[in-house]
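The block underneath contains the structure these notes are about, expressed in structure tokens.
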Amino acid sequence: MPPLVAERTALPTGRAAGRMRVLPRALRLRLSRRRQPPRAALRRVLVAHHLLLGDTLMLTPLLAKLRRLHPAADIAMTVPKAFAGCYAARPYGVLALPFDPRDPASVERVLASGPYDLALVPGDNRFAWLALAADARWIVAFAGDRPAYKNWPVDEPRAYPAQPAAWGDMVAGLIDGEAPPPFDPADWTAPAAASFDPPRSRDYAVLHVGASTPLKRWPADRWRAVAELLRKQGVEPVFLAGRGEEGVAAEIDPAARYASYAGRLSLEQVWHLLASARALVAPDTGIAHLGRITGVPTVTLFGPGSAVICGAGEFWRNSPYWAVTVPDFPCRDQRVLFRREIQWVRRCGRSLRECPSPRCMEALGVGMVMAAVDAALQVRARPKAGPATRGP
């Protein structure tokens with residue numbers, strides 16, 4: 001991998017500043033360089049995106065497939081800066097390029113990392129422009145993004161599959177070849193993390209109660225009921241939520257009967273908390289996908305989201321994972337995925353103004369969730385007695 005350029009000082013900031021660095025360079029390279037379909041043995045590959053945590057982790061089947069097909073290739077992937085620490089150990093030999101389109105210094109580092117034989121753009125096709133500016137000689141992306149200017153740098157547009165599939169399996173289809181073997185947590189070394197006070201008991205389950213939107217949150221009284229049922233089974237419930245969501249956990253457990261890590265842990269520390277847990281229960285969020293990466297038995301609550309698109313699919317078929325959902329909920333009826341209209345898609349991306357009450361989440365009863373939790377608890381044996389360690 002060529003060395004990355006040093007970070008500059010006094011650069012103008014913001015998305016417009018990043019575009020000023022990408023667009024002129026992309027246009028110049030497009031007009032001056034002959035486009036070249038990749039040779040059979042790829043030497044350098046870029047995966048270009050700026051996705052949320054869950055979507056980023058769902059790119060893992062693509063990384064595994066690239067490494068299987070091209071064992072000697074240099075593979076790099078842009079990763080939102082907040083998630084880059086989870087990729088520090090270079091899973092599948094992939095180099096993470098910390099990236100924020102509003103940070104010109106990170107844009108410069110990506111541009112300086114080229115050239116590439118092939119770039120794959122799994123989400124928003126505006127990052128095809130970034131790939132082109134990084135001197136990618138051939139760019140593959142999903143067809144049909146809007147507005148149409150996003151698709152101009154794409155050399156090879158590919159259609160989404162005509163049959164229902166998990167998004168991780170879909171993105172692996174951006175490159176031809178044999179599918180990768182099922183995920184094995186041993187393929188991804190845990191990141192280093194600062195020490196933190198662990199749960200009081202070794203026998204604990206993590207209840208991740210936060211979500212990117214209130215429409216994905218489960219009612220507080222139901223979380224409270226699950227926590228109490230776990231306690232009666234001798235499993236310590238601990239609450240988890242992101243920064244700014246401390247009040248969500250406090251509403252569920254106002255008397256602070258249980259430990260709460262809401263807003264207290266880095267993503268790397270969350271990894272270690274999950275990795276040692278008996279089970280994780282979470283809405284359809286990035287933490288639920290992180291659970292699959294760490295190997296913790298994971299129960300995911302689906303309301304607006306699709307349990308098919310965000311589910312285990314083929315790649316995670318051997319992972320301990322349970323999706324709790326009402327499959328044909330009436331208002332989960334939108335067919336759009338990353339701005340593409342797809343006939344088989346059934347999901348909901350409505351705002352609070354359009355949908356003031358999460359009826360799809362309220363349709364998930366405590367009994368439905370606990371049936372999955374009980375199955376998850378059977379996967380990992382109760383830990384042996386002994387003092388808990390302080391930190392991972």
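Ligands are numbered from 1 in the order shown, residues from 1 within each chain, and chains are lettered A, B, ... in the order they appear in the structure tokens.
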Next item on the list: Please provide as a PyMOL selection string all residues within 12 Å of Leu63 of chain A, with the sequence filter that same-chain residues fewer than 4 positions apart are discarded (counting only C-alpha atoms).
Entry: chain A and resi 45-47+56-59+67-71+73-77+87+90-96+120+122+168-169+171-175+179-181+183+187-188+315
Filtering to C-alpha atoms, could you give me those residues as an mmCIF file, in the first residue's frame?
data_model
loop_
_atom_site.group_PDB
_atom_site.id
_atom_site.type_symbol
_atom_site.label_atom_id
_atom_site.label_comp_id
_atom_site.auth_asym_id
_atom_site.auth_seq_id
_atom_site.Cartn_x
_atom_site.Cartn_y
_atom_site.Cartn_z
ATOM 1 C CA VAL A 45 -8.966 -3.116 -4.487
ATOM 2 C CA LEU A 46 -10.893 -0.284 -2.842
ATOM 3 C CA VAL A 47 -14.305 -0.585 -1.183
ATOM 4 C CA THR A 56 -20.591 -1.202 7.381
ATOM 5 C CA LEU A 57 -20.437 -4.483 9.301
ATOM 6 C CA MET A 58 -22.760 -6.071 6.746
ATOM 7 C CA LEU A 59 -20.001 -5.560 4.156
ATOM 8 C CA ARG A 67 -9.804 -12.202 0.246
ATOM 9 C CA ARG A 68 -10.804 -15.739 -0.738
ATOM 10 C CA LEU A 69 -10.661 -14.932 -4.453
ATOM 11 C CA HIS A 70 -7.585 -12.674 -4.328
ATOM 12 C CA PRO A 71 -5.363 -13.865 -1.467
ATOM 13 C CA ALA A 73 -4.302 -8.451 -3.165
ATOM 14 C CA ASP A 74 -4.019 -5.225 -1.197
ATOM 15 C CA ILE A 75 -7.601 -4.500 -0.103
ATOM 16 C CA ALA A 76 -8.548 -1.146 1.427
ATOM 17 C CA MET A 77 -11.925 0.101 2.610
ATOM 18 C CA TYR A 87 -10.854 -2.715 11.987
ATOM 19 C CA ARG A 90 -7.195 -5.820 9.719
ATOM 20 C CA PRO A 91 -9.862 -8.546 9.429
ATOM 21 C CA TYR A 92 -9.390 -10.477 6.173
ATOM 22 C CA GLY A 93 -6.223 -8.437 5.689
ATOM 23 C CA VAL A 94 -8.250 -5.314 4.872
ATOM 24 C CA LEU A 95 -6.763 -1.897 5.575
ATOM 25 C CA ALA A 96 -9.337 0.538 6.989
ATOM 26 C CA LEU A 120 -16.543 -1.522 -5.359
ATOM 27 C CA PRO A 122 -21.856 -0.915 -2.163
ATOM 28 C CA GLY A 168 -24.528 -8.681 3.124
ATOM 29 C CA ASP A 169 -25.032 -11.440 0.552
ATOM 30 C CA VAL A 171 -23.036 -6.746 -1.718
ATOM 31 C CA ALA A 172 -20.863 -9.856 -2.016
ATOM 32 C CA GLY A 173 -22.431 -10.176 -5.479
ATOM 33 C CA LEU A 174 -20.631 -7.034 -6.633
ATOM 34 C CA ILE A 175 -17.760 -9.346 -7.527
ATOM 35 C CA ALA A 179 -19.243 -17.357 -2.137
ATOM 36 C CA PRO A 180 -17.093 -17.126 0.984
ATOM 37 C CA PRO A 181 -17.392 -19.730 3.750
ATOM 38 C CA PHE A 183 -18.466 -16.313 9.156
ATOM 39 C CA ASP A 187 -11.488 -14.481 11.482
ATOM 40 C CA TRP A 188 -11.807 -11.113 13.238
ATOM 41 C CA PHE A 315 -22.799 -15.688 5.353
#
Note to self: Can you pull out the residues contacting Val238 of chain A? Cut-off 6 Å, using only C-alpha atoms, and skip same-chain residues under 4 positions away; I want them as a ChimeraX atom specification.
What the structure shows: /A:206,258-260
Take the residues from that selection and put them in a file with C-alpha atoms, as a PDB file, in the first residue's frame.
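Saved result, selection12.pdb, follows:
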ATOM      1  CA  VAL A 206     -26.673  -7.213  27.462  1.00  0.00           C
ATOM      2  CA  TYR A 258     -29.155  -3.023  37.230  1.00  0.00           C
ATOM      3  CA  ALA A 259     -25.832  -1.902  35.813  1.00  0.00           C
ATOM      4  CA  SER A 260     -26.044   0.540  32.933  1.00  0.00           C
TER       5      SER A 260
END
Checklist line | Atomic distance atom CA of Tyr160 of chain A - atom CA of Gly313 of chain A, expressed in Å with one decimal | finding: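 Between atom CA of Tyr160 of chain A and atom CA of Gly313 of chain A the gap works out to 15.2 Å.
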Next item on the list: Could you check which of A:Lys150, A:Arg33, A:Arg224, A:Arg28 is closest to Val366 of chain A, using only C-alpha atoms?
Entry: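 Of A:Lys150, A:Arg33, A:Arg224, A:Arg28, the one nearest Val366 of chain A is A:Arg224, counting only C-alpha atoms.
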Next item on the list: Please provide the set of residues having any atom within 12 Å of Leu273 of chain A, restricted to only C-alpha atoms, with same-chain residues fewer than 2 positions apart removed, written as a ChimeraX atom specification.
Entry: /A:190,193-199,202-208,238-240,260-261,264-271,275-280,287,290-291,294-296,389-392
Checklist line | Atom-to-atom span, atom CA of Phe99 of chain A and atom CA of Thr78 of chain A, Å | finding: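 Atom-to-atom, atom CA of Phe99 of chain A and atom CA of Thr78 of chain A are spaced 5.8 Å apart.
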Next item on the list: Name the closest residue to Leu51 of chain A among the candidates A:Trp152, A:Phe338, A:Tyr321, A:Trp344; distances are taken between atoms, counting only C-alpha atoms.
Entry: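 Ranked by minimum distance to Leu51 of chain A, first place goes to A:Phe338.
Residues lying within 10 Å of Ala312 of chain A, counting only C-alpha atoms and ignoring same-chain neighbours fewer than 3 positions away, are Met58, Ala165, Ala166, Trp167, Gly168, Asp169, His289, Arg292, Ala307, Val308, Ile309, Phe315, Trp316, Arg317, Asn318, Ser319, Pro320, Tyr321, Trp322 and Ala323 of chain A.
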Next item on the list: Give me the residues within 10 Å of Trp223 of chain A as a PyMOL selection string, counting only C-alpha atoms and dropping any in the same chain fewer than 2 places off.
Entry: chain A and resi 207-209+217-221+225-229+239+249+252-253+281+366+369
Residues from last step as file, N, CA and C atoms, as a PDB file, in the first residue's frame:
ATOM      1  N   LEU A 207     -28.677  -5.866  27.316  1.00  0.00           N
ATOM      2  CA  LEU A 207     -29.903  -5.339  26.718  1.00  0.00           C
ATOM      3  C   LEU A 207     -29.561  -3.982  26.122  1.00  0.00           C
ATOM      4  N   HIS A 208     -29.402  -3.936  24.810  1.00  0.00           N
ATOM      5  CA  HIS A 208     -29.087  -2.673  24.140  1.00  0.00           C
ATOM      6  C   HIS A 208     -30.413  -1.982  23.821  1.00  0.00           C
ATOM      7  N   VAL A 209     -30.717  -0.903  24.534  1.00  0.00           N
ATOM      8  CA  VAL A 209     -32.054  -0.307  24.481  1.00  0.00           C
ATOM      9  C   VAL A 209     -32.128   0.926  23.590  1.00  0.00           C
ATOM     10  N   ARG A 217     -37.352   1.845  18.897  1.00  0.00           N
ATOM     11  CA  ARG A 217     -37.228   1.531  20.329  1.00  0.00           C
ATOM     12  C   ARG A 217     -38.396   0.682  20.795  1.00  0.00           C
ATOM     13  N   TRP A 218     -38.090  -0.263  21.669  1.00  0.00           N
ATOM     14  CA  TRP A 218     -39.095  -1.131  22.262  1.00  0.00           C
ATOM     15  C   TRP A 218     -39.604  -0.462  23.530  1.00  0.00           C
ATOM     16  N   PRO A 219     -40.891  -0.633  23.898  1.00  0.00           N
ATOM     17  CA  PRO A 219     -41.422   0.049  25.084  1.00  0.00           C
ATOM     18  C   PRO A 219     -40.641  -0.271  26.351  1.00  0.00           C
ATOM     19  N   ALA A 220     -40.511   0.743  27.211  1.00  0.00           N
ATOM     20  CA  ALA A 220     -39.703   0.621  28.428  1.00  0.00           C
ATOM     21  C   ALA A 220     -40.203  -0.486  29.340  1.00  0.00           C
ATOM     22  N   ASP A 221     -41.533  -0.629  29.480  1.00  0.00           N
ATOM     23  CA  ASP A 221     -42.042  -1.628  30.408  1.00  0.00           C
ATOM     24  C   ASP A 221     -41.708  -3.043  29.943  1.00  0.00           C
ATOM     25  N   ALA A 225     -39.543  -5.883  31.884  1.00  0.00           N
ATOM     26  CA  ALA A 225     -40.019  -7.248  32.107  1.00  0.00           C
ATOM     27  C   ALA A 225     -38.962  -8.269  31.710  1.00  0.00           C
ATOM     28  N   VAL A 226     -38.271  -8.041  30.601  1.00  0.00           N
ATOM     29  CA  VAL A 226     -37.214  -8.963  30.180  1.00  0.00           C
ATOM     30  C   VAL A 226     -36.085  -8.969  31.205  1.00  0.00           C
ATOM     31  N   ALA A 227     -35.702  -7.796  31.703  1.00  0.00           N
ATOM     32  CA  ALA A 227     -34.647  -7.725  32.714  1.00  0.00           C
ATOM     33  C   ALA A 227     -35.030  -8.525  33.957  1.00  0.00           C
ATOM     34  N   GLU A 228     -36.278  -8.405  34.381  1.00  0.00           N
ATOM     35  CA  GLU A 228     -36.716  -9.123  35.574  1.00  0.00           C
ATOM     36  C   GLU A 228     -36.732 -10.630  35.342  1.00  0.00           C
ATOM     37  N   LEU A 229     -37.163 -11.059  34.171  1.00  0.00           N
ATOM     38  CA  LEU A 229     -37.177 -12.492  33.864  1.00  0.00           C
ATOM     39  C   LEU A 229     -35.758 -13.056  33.792  1.00  0.00           C
ATOM     40  N   PHE A 239     -27.706  -2.877  30.989  1.00  0.00           N
ATOM     41  CA  PHE A 239     -28.242  -2.025  29.922  1.00  0.00           C
ATOM     42  C   PHE A 239     -27.114  -1.346  29.162  1.00  0.00           C
ATOM     43  N   ALA A 249     -32.220   4.417  29.006  1.00  0.00           N
ATOM     44  CA  ALA A 249     -31.970   3.379  30.007  1.00  0.00           C
ATOM     45  C   ALA A 249     -32.546   3.770  31.368  1.00  0.00           C
ATOM     46  N   ILE A 252     -36.214   3.005  31.707  1.00  0.00           N
ATOM     47  CA  ILE A 252     -36.497   1.581  31.886  1.00  0.00           C
ATOM     48  C   ILE A 252     -36.216   1.154  33.313  1.00  0.00           C
ATOM     49  N   ASP A 253     -35.136   1.666  33.892  1.00  0.00           N
ATOM     50  CA  ASP A 253     -34.699   1.236  35.225  1.00  0.00           C
ATOM     51  C   ASP A 253     -34.480   2.468  36.110  1.00  0.00           C
ATOM     52  N   VAL A 281     -29.548  -8.698  23.461  1.00  0.00           N
ATOM     53  CA  VAL A 281     -30.886  -8.404  22.947  1.00  0.00           C
ATOM     54  C   VAL A 281     -30.860  -6.950  22.497  1.00  0.00           C
ATOM     55  N   VAL A 366     -43.453  -9.545  25.034  1.00  0.00           N
ATOM     56  CA  VAL A 366     -42.390 -10.052  25.907  1.00  0.00           C
ATOM     57  C   VAL A 366     -42.209 -11.556  25.706  1.00  0.00           C
ATOM     58  N   VAL A 369     -40.109 -12.310  22.621  1.00  0.00           N
ATOM     59  CA  VAL A 369     -38.695 -11.996  22.809  1.00  0.00           C
ATOM     60  C   VAL A 369     -38.046 -12.998  23.755  1.00  0.00           C
TER      61      VAL A 369
END
Next item on the list: Output as a ChimeraX atom specification all residues of segment 40-192 of chain A that backbone DSSP marks as helix (DSSP H, G or I).
Entry: /A:53-57,60-69,81-87,91-93,104-112,127-133,148-151,167-172,185-187
